[in-house]
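Engineer: upload.txt is the file, holding compact mmCIF, C-alpha atoms:
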# COMPACT_ATOMS: atom_id res chain seq x y z
CA MET A 1 40.35 30.36 -38.09
CA SER A 2 41.68 33.50 -36.47
CA GLU A 3 42.42 33.90 -32.82
CA ARG A 4 40.51 36.56 -30.96
CA ASP A 5 42.14 38.91 -28.58
CA ASP A 6 40.87 39.35 -25.04
CA ASP A 7 38.97 42.56 -25.85
CA GLU A 8 36.93 40.90 -28.62
CA LEU A 9 36.13 37.94 -26.38
CA MET A 10 35.05 40.20 -23.52
CA ALA A 11 32.84 42.21 -25.91
CA GLU A 12 31.08 39.02 -27.08
CA LEU A 13 30.63 37.88 -23.50
CA ALA A 14 29.14 41.25 -22.51
CA ALA A 15 26.73 41.06 -25.46
CA ALA A 16 25.61 37.58 -24.42
CA VAL A 17 24.97 38.71 -20.84
CA GLU A 18 23.04 41.75 -22.08
CA GLU A 19 20.93 39.54 -24.32
CA GLU A 20 20.04 37.24 -21.41
CA ALA A 21 19.01 40.21 -19.25
CA ALA A 22 16.76 41.52 -22.04
CA VAL A 23 14.39 38.51 -21.73
CA SER A 24 11.29 39.66 -19.85
CA ASP A 25 10.11 37.88 -16.72
CA ARG A 26 6.86 37.07 -18.52
CA ARG A 27 8.69 35.29 -21.35
CA ARG A 28 10.95 33.52 -18.89
CA ALA A 29 7.91 32.25 -16.92
CA ALA A 30 6.23 31.13 -20.16
CA ALA A 31 9.35 29.21 -21.19
CA LYS A 32 9.57 27.47 -17.80
CA ALA A 33 5.86 26.57 -17.96
CA ALA A 34 6.27 25.15 -21.46
CA PHE A 35 9.27 23.11 -20.30
CA THR A 36 7.19 21.40 -17.59
CA TRP A 37 4.91 19.92 -20.27
CA ARG A 38 7.71 17.71 -21.62
CA THR A 39 6.88 14.90 -19.18
CA VAL A 40 3.15 15.45 -18.72
CA ASP A 41 2.13 12.07 -20.15
CA ALA A 42 4.48 10.23 -17.82
CA GLU A 43 3.19 12.16 -14.81
CA LEU A 44 -0.53 11.68 -15.42
CA ALA A 45 -2.26 8.92 -13.54
CA GLU A 46 -3.93 6.22 -15.59
CA LEU A 47 -7.72 5.95 -15.47
CA LEU A 48 -8.38 2.39 -14.29
CA HIS A 49 -12.16 2.52 -13.99
CA ASP A 50 -15.04 4.91 -14.67
CA SER A 51 -18.47 3.61 -13.69
CA ALA A 52 -20.03 5.92 -16.30
CA LEU A 53 -18.41 3.69 -18.94
CA ASP A 54 -19.80 0.43 -17.54
CA VAL A 55 -22.14 -1.58 -19.73
CA GLY A 56 -25.63 -0.16 -19.34
CA ALA A 57 -24.40 3.09 -17.81
CA ALA A 58 -25.78 5.06 -20.78
CA VAL A 59 -29.31 3.93 -19.98
CA ARG A 60 -29.06 4.48 -16.24
CA SER A 61 -30.23 7.72 -14.74
CA GLY A 62 -27.91 9.67 -12.45
CA ALA A 63 -30.15 8.82 -9.49
CA ASP A 64 -29.20 5.13 -9.60
CA GLY A 65 -26.01 5.64 -7.67
CA PRO A 66 -22.76 7.49 -7.35
CA ARG A 67 -20.14 7.62 -10.08
CA MET A 68 -16.90 5.85 -9.28
CA LEU A 69 -13.49 6.74 -10.73
CA SER A 70 -10.17 4.99 -10.09
CA PHE A 71 -6.73 6.30 -11.06
CA ARG A 72 -3.26 4.87 -10.58
CA ARG A 73 0.32 6.07 -10.94
CA ALA A 74 3.25 3.98 -9.73
CA ALA A 75 2.36 2.65 -6.26
CA VAL A 76 -0.47 5.12 -5.59
CA THR A 77 -4.17 4.61 -6.34
CA LEU A 78 -6.84 7.29 -6.07
CA GLU A 79 -10.45 6.13 -5.66
CA VAL A 80 -13.11 8.83 -6.12
CA GLU A 81 -16.88 8.65 -5.64
CA ILE A 82 -19.08 11.47 -6.94
CA ASP A 83 -22.50 11.52 -5.31
CA GLY A 84 -24.46 14.66 -6.12
CA GLU A 85 -22.37 17.61 -4.94
CA SER A 86 -20.16 15.47 -2.70
CA VAL A 87 -16.84 13.99 -3.74
CA LEU A 88 -15.53 11.29 -1.44
CA GLY A 89 -12.20 9.63 -1.99
CA GLU A 90 -9.37 7.50 -0.74
CA VAL A 91 -5.65 7.67 -1.42
CA ILE A 92 -4.10 4.20 -1.32
CA ASP A 93 -0.33 4.42 -1.03
CA GLU A 94 1.72 1.25 -1.29
CA HIS A 95 4.99 3.02 -0.37
CA GLU A 96 6.54 1.63 2.76
CA GLY A 97 6.81 3.87 5.81
CA ASP A 98 4.89 6.95 4.55
CA ALA A 99 3.38 8.50 7.65
CA ALA A 100 2.69 12.03 6.42
CA PRO A 101 -0.88 12.65 5.23
CA ALA A 102 -1.48 13.33 1.55
CA THR A 103 -2.91 16.63 0.33
CA VAL A 104 -5.66 16.27 -2.27
CA THR A 105 -6.37 19.26 -4.50
CA LEU A 106 -9.49 19.54 -6.65
CA GLN A 107 -8.74 21.73 -9.66
CA ARG A 108 -11.23 23.34 -12.04
CA PRO A 109 -10.43 25.45 -15.10
CA ASP A 110 -12.88 28.16 -14.01
CA ALA A 111 -12.41 28.26 -10.23
CA ASP A 112 -9.82 28.44 -7.49
CA ASP A 113 -8.18 25.21 -6.38
CA ARG A 114 -9.64 23.52 -3.31
CA ALA A 115 -7.33 21.44 -1.13
CA VAL A 116 -7.97 19.08 1.77
CA GLU A 117 -5.72 16.82 3.78
CA ALA A 118 -6.55 13.13 3.69
CA ASP A 119 -6.94 11.54 7.10
CA ALA A 120 -4.57 8.88 8.46
CA SER A 121 -6.44 6.18 6.52
CA GLY A 122 -6.25 8.16 3.26
CA PHE A 123 -9.89 9.30 3.15
CA PHE A 124 -10.95 12.80 2.08
CA ARG A 125 -14.12 14.71 1.15
CA PHE A 126 -15.15 17.77 -0.87
CA ASP A 127 -18.69 19.18 -0.56
CA GLY A 128 -20.50 21.62 -2.83
CA VAL A 129 -18.83 20.40 -6.01
CA GLN A 130 -20.81 21.50 -9.06
CA PRO A 131 -20.87 19.57 -12.36
CA GLY A 132 -18.09 20.36 -14.83
CA SER A 133 -14.46 19.60 -15.58
CA VAL A 134 -12.23 18.56 -12.68
CA ARG A 135 -8.93 16.92 -12.01
CA PHE A 136 -7.26 15.85 -8.81
CA VAL A 137 -3.69 16.37 -7.66
CA VAL A 138 -2.49 14.25 -4.76
CA ALA A 139 0.81 15.13 -3.14
CA ARG A 140 2.88 13.75 -0.32
CA ALA A 141 6.57 14.16 0.40
CA GLY A 142 8.44 12.24 -2.30
CA TRP A 143 5.64 11.74 -4.85
CA SER A 144 2.61 13.24 -6.54
CA LEU A 145 -0.25 12.00 -8.69
CA THR A 146 -2.20 14.13 -11.18
CA THR A 147 -5.33 12.76 -12.84
CA PRO A 148 -6.43 13.61 -16.35
CA TRP A 149 -9.36 16.02 -16.64
CA ALA A 150 -12.79 14.41 -16.20
CA THR A 151 -16.30 15.79 -16.54
CA ILE A 152 -18.51 15.12 -13.54
Can you dump the structure from the file as structure tokens?
Structural biologist:
Amino acid sequence: MSERDDDELMAELAAAVEEEAAVSDRRRAAAKAAFTWRTVDAELAELLHDSALDVGAAVRSGADGPRMLSFRRAAVTLEVEIDGESVLGEVIDEHEGDAAPATVTLQRPDADDRAVEADASGFFRFDGVQPGSVRFVVARAGWSLTTPWATI
């Protein structure tokens, strides 16, 4: 193995810096976005209950009552009720001492995100929600919960 002189080492260092600068912002953003997917399964809330999957739900008509969904991640539970175009919900946080309200975001693949702040008891509401794919993201200082996509 031969030793390199300072000029050769500086030339290699300059080439490495040039190469890093040649990566476009678009590719850099795509790489960062791909990196965030490495823990997606661990970050998704678990579906605990879906009333549409209850025994007999397949024979019920939609007019028989609202659809209920429950999700949980760590010490946070999200209860959601879909009744027509209204989505009512509650964030149940078992963390000690959390006083800040949670922000609940309704995400759709084909529309802008809609966010509301849950009240002091954890309740929130979205109106005018059309059928289709949705997921919910609940955030408060120190934690977040993201549900899997569901069709409502």
Engineer: Using only C-alpha atoms, what table do you get, as JSON lines, when you list each residue of segment 99-122 of chain A with an atom no more than 10 Å from segment 126-133 of chain A, its nearest pair of atoms, and their distance in Å rounded to one decimal, rows by chain then rising number?
Structural biologist:
{"residue": "A:Val104", "atom": "CA", "partner": "A:Phe126", "partner_atom": "CA", "distance": 9.7}
{"residue": "A:Thr105", "atom": "CA", "partner": "A:Phe126", "partner_atom": "CA", "distance": 9.6}
{"residue": "A:Leu106", "atom": "CA", "partner": "A:Phe126", "partner_atom": "CA", "distance": 8.3}
{"residue": "A:Gln107", "atom": "CA", "partner": "A:Ser133", "partner_atom": "CA", "distance": 8.5}
{"residue": "A:Arg108", "atom": "CA", "partner": "A:Ser133", "partner_atom": "CA", "distance": 6.1}
{"residue": "A:Pro109", "atom": "CA", "partner": "A:Ser133", "partner_atom": "CA", "distance": 7.1}
{"residue": "A:Asp110", "atom": "CA", "partner": "A:Ser133", "partner_atom": "CA", "distance": 8.8}
{"residue": "A:Arg114", "atom": "CA", "partner": "A:Phe126", "partner_atom": "CA", "distance": 8.3}
{"residue": "A:Ala115", "atom": "CA", "partner": "A:Phe126", "partner_atom": "CA", "distance": 8.6}
{"residue": "A:Val116", "atom": "CA", "partner": "A:Phe126", "partner_atom": "CA", "distance": 7.8}
Engineer: To one decimal place in Å, what is the distance between atom CA of Leu47 of chain A and atom CA of Asp113 of chain A?
Structural biologist: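 Separation between atom CA of Leu47 of chain A and atom CA of Asp113 of chain A: 21.3 Å.
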Engineer: Work out how far apart atom CA of Phe123 of chain A and atom CA of Ile92 of chain A are and give it in Å to one decimal.
Structural biologist: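 Atom-to-atom, atom CA of Phe123 of chain A to atom CA of Ile92 of chain A, that is 8.9 Å.
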Engineer: Which residues are close to Ala75 of chain A, i.e. within 9 Å by all atoms listed in the file, leaving aside same-chain residues fewer than 3 positions away? Reply as a PyMOL selection string.
Structural biologist: chain A and resi 72+92-95
Engineer: Which residue out of A:Asp54, A:Glu8, A:Asp25, A:Asp119 has the minimum interatomic distance to Gly89 of chain A when only C-alpha atoms are used?
Structural biologist: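 The shortest atom-to-atom distance to Gly89 of chain A comes from A:Asp119.
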Engineer: For the atom pair atom CA of Arg67 of chain A and atom CA of Ala100 of chain A, what is the interatomic distance in Å to one decimal place?
Structural biologist: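 Interatomic distance here is 28.5 Å.
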Engineer: Please return as an MDAnalysis selection string every residue within 10 Å of (-7.0, 8.8, 5.3), taking into account only C-alpha atoms and the file's own coordinates.
Structural biologist: chainID A and resid 89:92 101:102 117:124
Engineer: Write out as a VMD selection string each polymer residue whose atoms come within 10 Å of Thr147 of chain A, counting all atoms listed in the file; drop sequence neighbours fewer than 5 positions from it.
Structural biologist: chain A and resid 43 to 47 70 to 73 78 134 to 138
Engineer: Measuring atom to atom with only C-alpha atoms, identify which of A:Ile152, A:Ala52, A:Leu13, A:Ala31 is nearest to Ser86 of chain A.
Structural biologist: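 The shortest atom-to-atom distance to Ser86 of chain A comes from A:Ile152.
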Engineer: Tell me which of A:Ala111, A:Val17, A:Val76, A:Met68 sits closest to Ala150 of chain A, counting only C-alpha atoms.
Structural biologist: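 Of the candidates, the smallest distance to Ala150 of chain A is held by A:Met68.
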Engineer: Mind rebuilding segment 122-142 of chain A with N, CA and C atoms and writing that out as a PDB file, keeping the file's coordinate frame?
Structural biologist:
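What ended up in out_31.pdb:
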ATOM      1  N   GLY A 122      -6.273   7.761   4.668  1.00  0.00           N
ATOM      2  CA  GLY A 122      -6.250   8.160   3.260  1.00  0.00           C
ATOM      3  C   GLY A 122      -7.570   8.690   2.738  1.00  0.00           C
ATOM      4  N   PHE A 123      -8.578   8.837   3.594  1.00  0.00           N
ATOM      5  CA  PHE A 123      -9.890   9.300   3.150  1.00  0.00           C
ATOM      6  C   PHE A 123      -9.966  10.824   3.135  1.00  0.00           C
ATOM      7  N   PHE A 124     -10.748  11.351   2.179  1.00  0.00           N
ATOM      8  CA  PHE A 124     -10.950  12.800   2.080  1.00  0.00           C
ATOM      9  C   PHE A 124     -12.348  13.071   1.525  1.00  0.00           C
ATOM     10  N   ARG A 125     -12.779  14.338   1.611  1.00  0.00           N
ATOM     11  CA  ARG A 125     -14.120  14.710   1.150  1.00  0.00           C
ATOM     12  C   ARG A 125     -14.136  16.167   0.704  1.00  0.00           C
ATOM     13  N   PHE A 126     -14.835  16.416  -0.411  1.00  0.00           N
ATOM     14  CA  PHE A 126     -15.150  17.770  -0.870  1.00  0.00           C
ATOM     15  C   PHE A 126     -16.666  17.861  -0.955  1.00  0.00           C
ATOM     16  N   ASP A 127     -17.249  18.942  -0.444  1.00  0.00           N
ATOM     17  CA  ASP A 127     -18.690  19.180  -0.560  1.00  0.00           C
ATOM     18  C   ASP A 127     -18.933  20.389  -1.446  1.00  0.00           C
ATOM     19  N   GLY A 128     -20.134  20.480  -2.002  1.00  0.00           N
ATOM     20  CA  GLY A 128     -20.500  21.620  -2.830  1.00  0.00           C
ATOM     21  C   GLY A 128     -19.801  21.655  -4.170  1.00  0.00           C
ATOM     22  N   VAL A 129     -19.517  20.483  -4.723  1.00  0.00           N
ATOM     23  CA  VAL A 129     -18.830  20.400  -6.010  1.00  0.00           C
ATOM     24  C   VAL A 129     -19.887  20.378  -7.124  1.00  0.00           C
ATOM     25  N   GLN A 130     -19.858  21.388  -7.964  1.00  0.00           N
ATOM     26  CA  GLN A 130     -20.810  21.500  -9.060  1.00  0.00           C
ATOM     27  C   GLN A 130     -20.340  20.693 -10.264  1.00  0.00           C
ATOM     28  N   PRO A 131     -21.267  20.305 -11.145  1.00  0.00           N
ATOM     29  CA  PRO A 131     -20.870  19.570 -12.360  1.00  0.00           C
ATOM     30  C   PRO A 131     -19.910  20.394 -13.213  1.00  0.00           C
ATOM     31  N   GLY A 132     -19.050  19.705 -13.940  1.00  0.00           N
ATOM     32  CA  GLY A 132     -18.090  20.360 -14.830  1.00  0.00           C
ATOM     33  C   GLY A 132     -16.789  19.605 -14.863  1.00  0.00           C
ATOM     34  N   SER A 133     -15.783  20.216 -15.453  1.00  0.00           N
ATOM     35  CA  SER A 133     -14.460  19.600 -15.580  1.00  0.00           C
ATOM     36  C   SER A 133     -13.692  19.703 -14.272  1.00  0.00           C
ATOM     37  N   VAL A 134     -13.059  18.600 -13.893  1.00  0.00           N
ATOM     38  CA  VAL A 134     -12.230  18.560 -12.680  1.00  0.00           C
ATOM     39  C   VAL A 134     -11.028  17.665 -12.927  1.00  0.00           C
ATOM     40  N   ARG A 135     -10.021  17.878 -12.124  1.00  0.00           N
ATOM     41  CA  ARG A 135      -8.930  16.920 -12.010  1.00  0.00           C
ATOM     42  C   ARG A 135      -8.445  16.993 -10.583  1.00  0.00           C
ATOM     43  N   PHE A 136      -7.741  15.944 -10.173  1.00  0.00           N
ATOM     44  CA  PHE A 136      -7.260  15.850  -8.810  1.00  0.00           C
ATOM     45  C   PHE A 136      -5.736  15.767  -8.816  1.00  0.00           C
ATOM     46  N   VAL A 137      -5.127  16.445  -7.862  1.00  0.00           N
ATOM     47  CA  VAL A 137      -3.690  16.370  -7.660  1.00  0.00           C
ATOM     48  C   VAL A 137      -3.479  15.909  -6.226  1.00  0.00           C
ATOM     49  N   VAL A 138      -2.777  14.804  -6.080  1.00  0.00           N
ATOM     50  CA  VAL A 138      -2.490  14.250  -4.760  1.00  0.00           C
ATOM     51  C   VAL A 138      -0.996  14.366  -4.540  1.00  0.00           C
ATOM     52  N   ALA A 139      -0.611  14.937  -3.399  1.00  0.00           N
ATOM     53  CA  ALA A 139       0.810  15.130  -3.140  1.00  0.00           C
ATOM     54  C   ALA A 139       1.159  14.723  -1.711  1.00  0.00           C
ATOM     55  N   ARG A 140       2.294  14.117  -1.604  1.00  0.00           N
ATOM     56  CA  ARG A 140       2.880  13.750  -0.320  1.00  0.00           C
ATOM     57  C   ARG A 140       4.383  13.845  -0.522  1.00  0.00           C
ATOM     58  N   ALA A 141       5.119  14.039   0.528  1.00  0.00           N
ATOM     59  CA  ALA A 141       6.570  14.160   0.400  1.00  0.00           C
ATOM     60  C   ALA A 141       7.111  12.989  -0.411  1.00  0.00           C
ATOM     61  N   GLY A 142       7.812  13.276  -1.501  1.00  0.00           N
ATOM     62  CA  GLY A 142       8.440  12.240  -2.300  1.00  0.00           C
ATOM     63  C   GLY A 142       7.683  11.816  -3.538  1.00  0.00           C
TER      64      GLY A 142
END
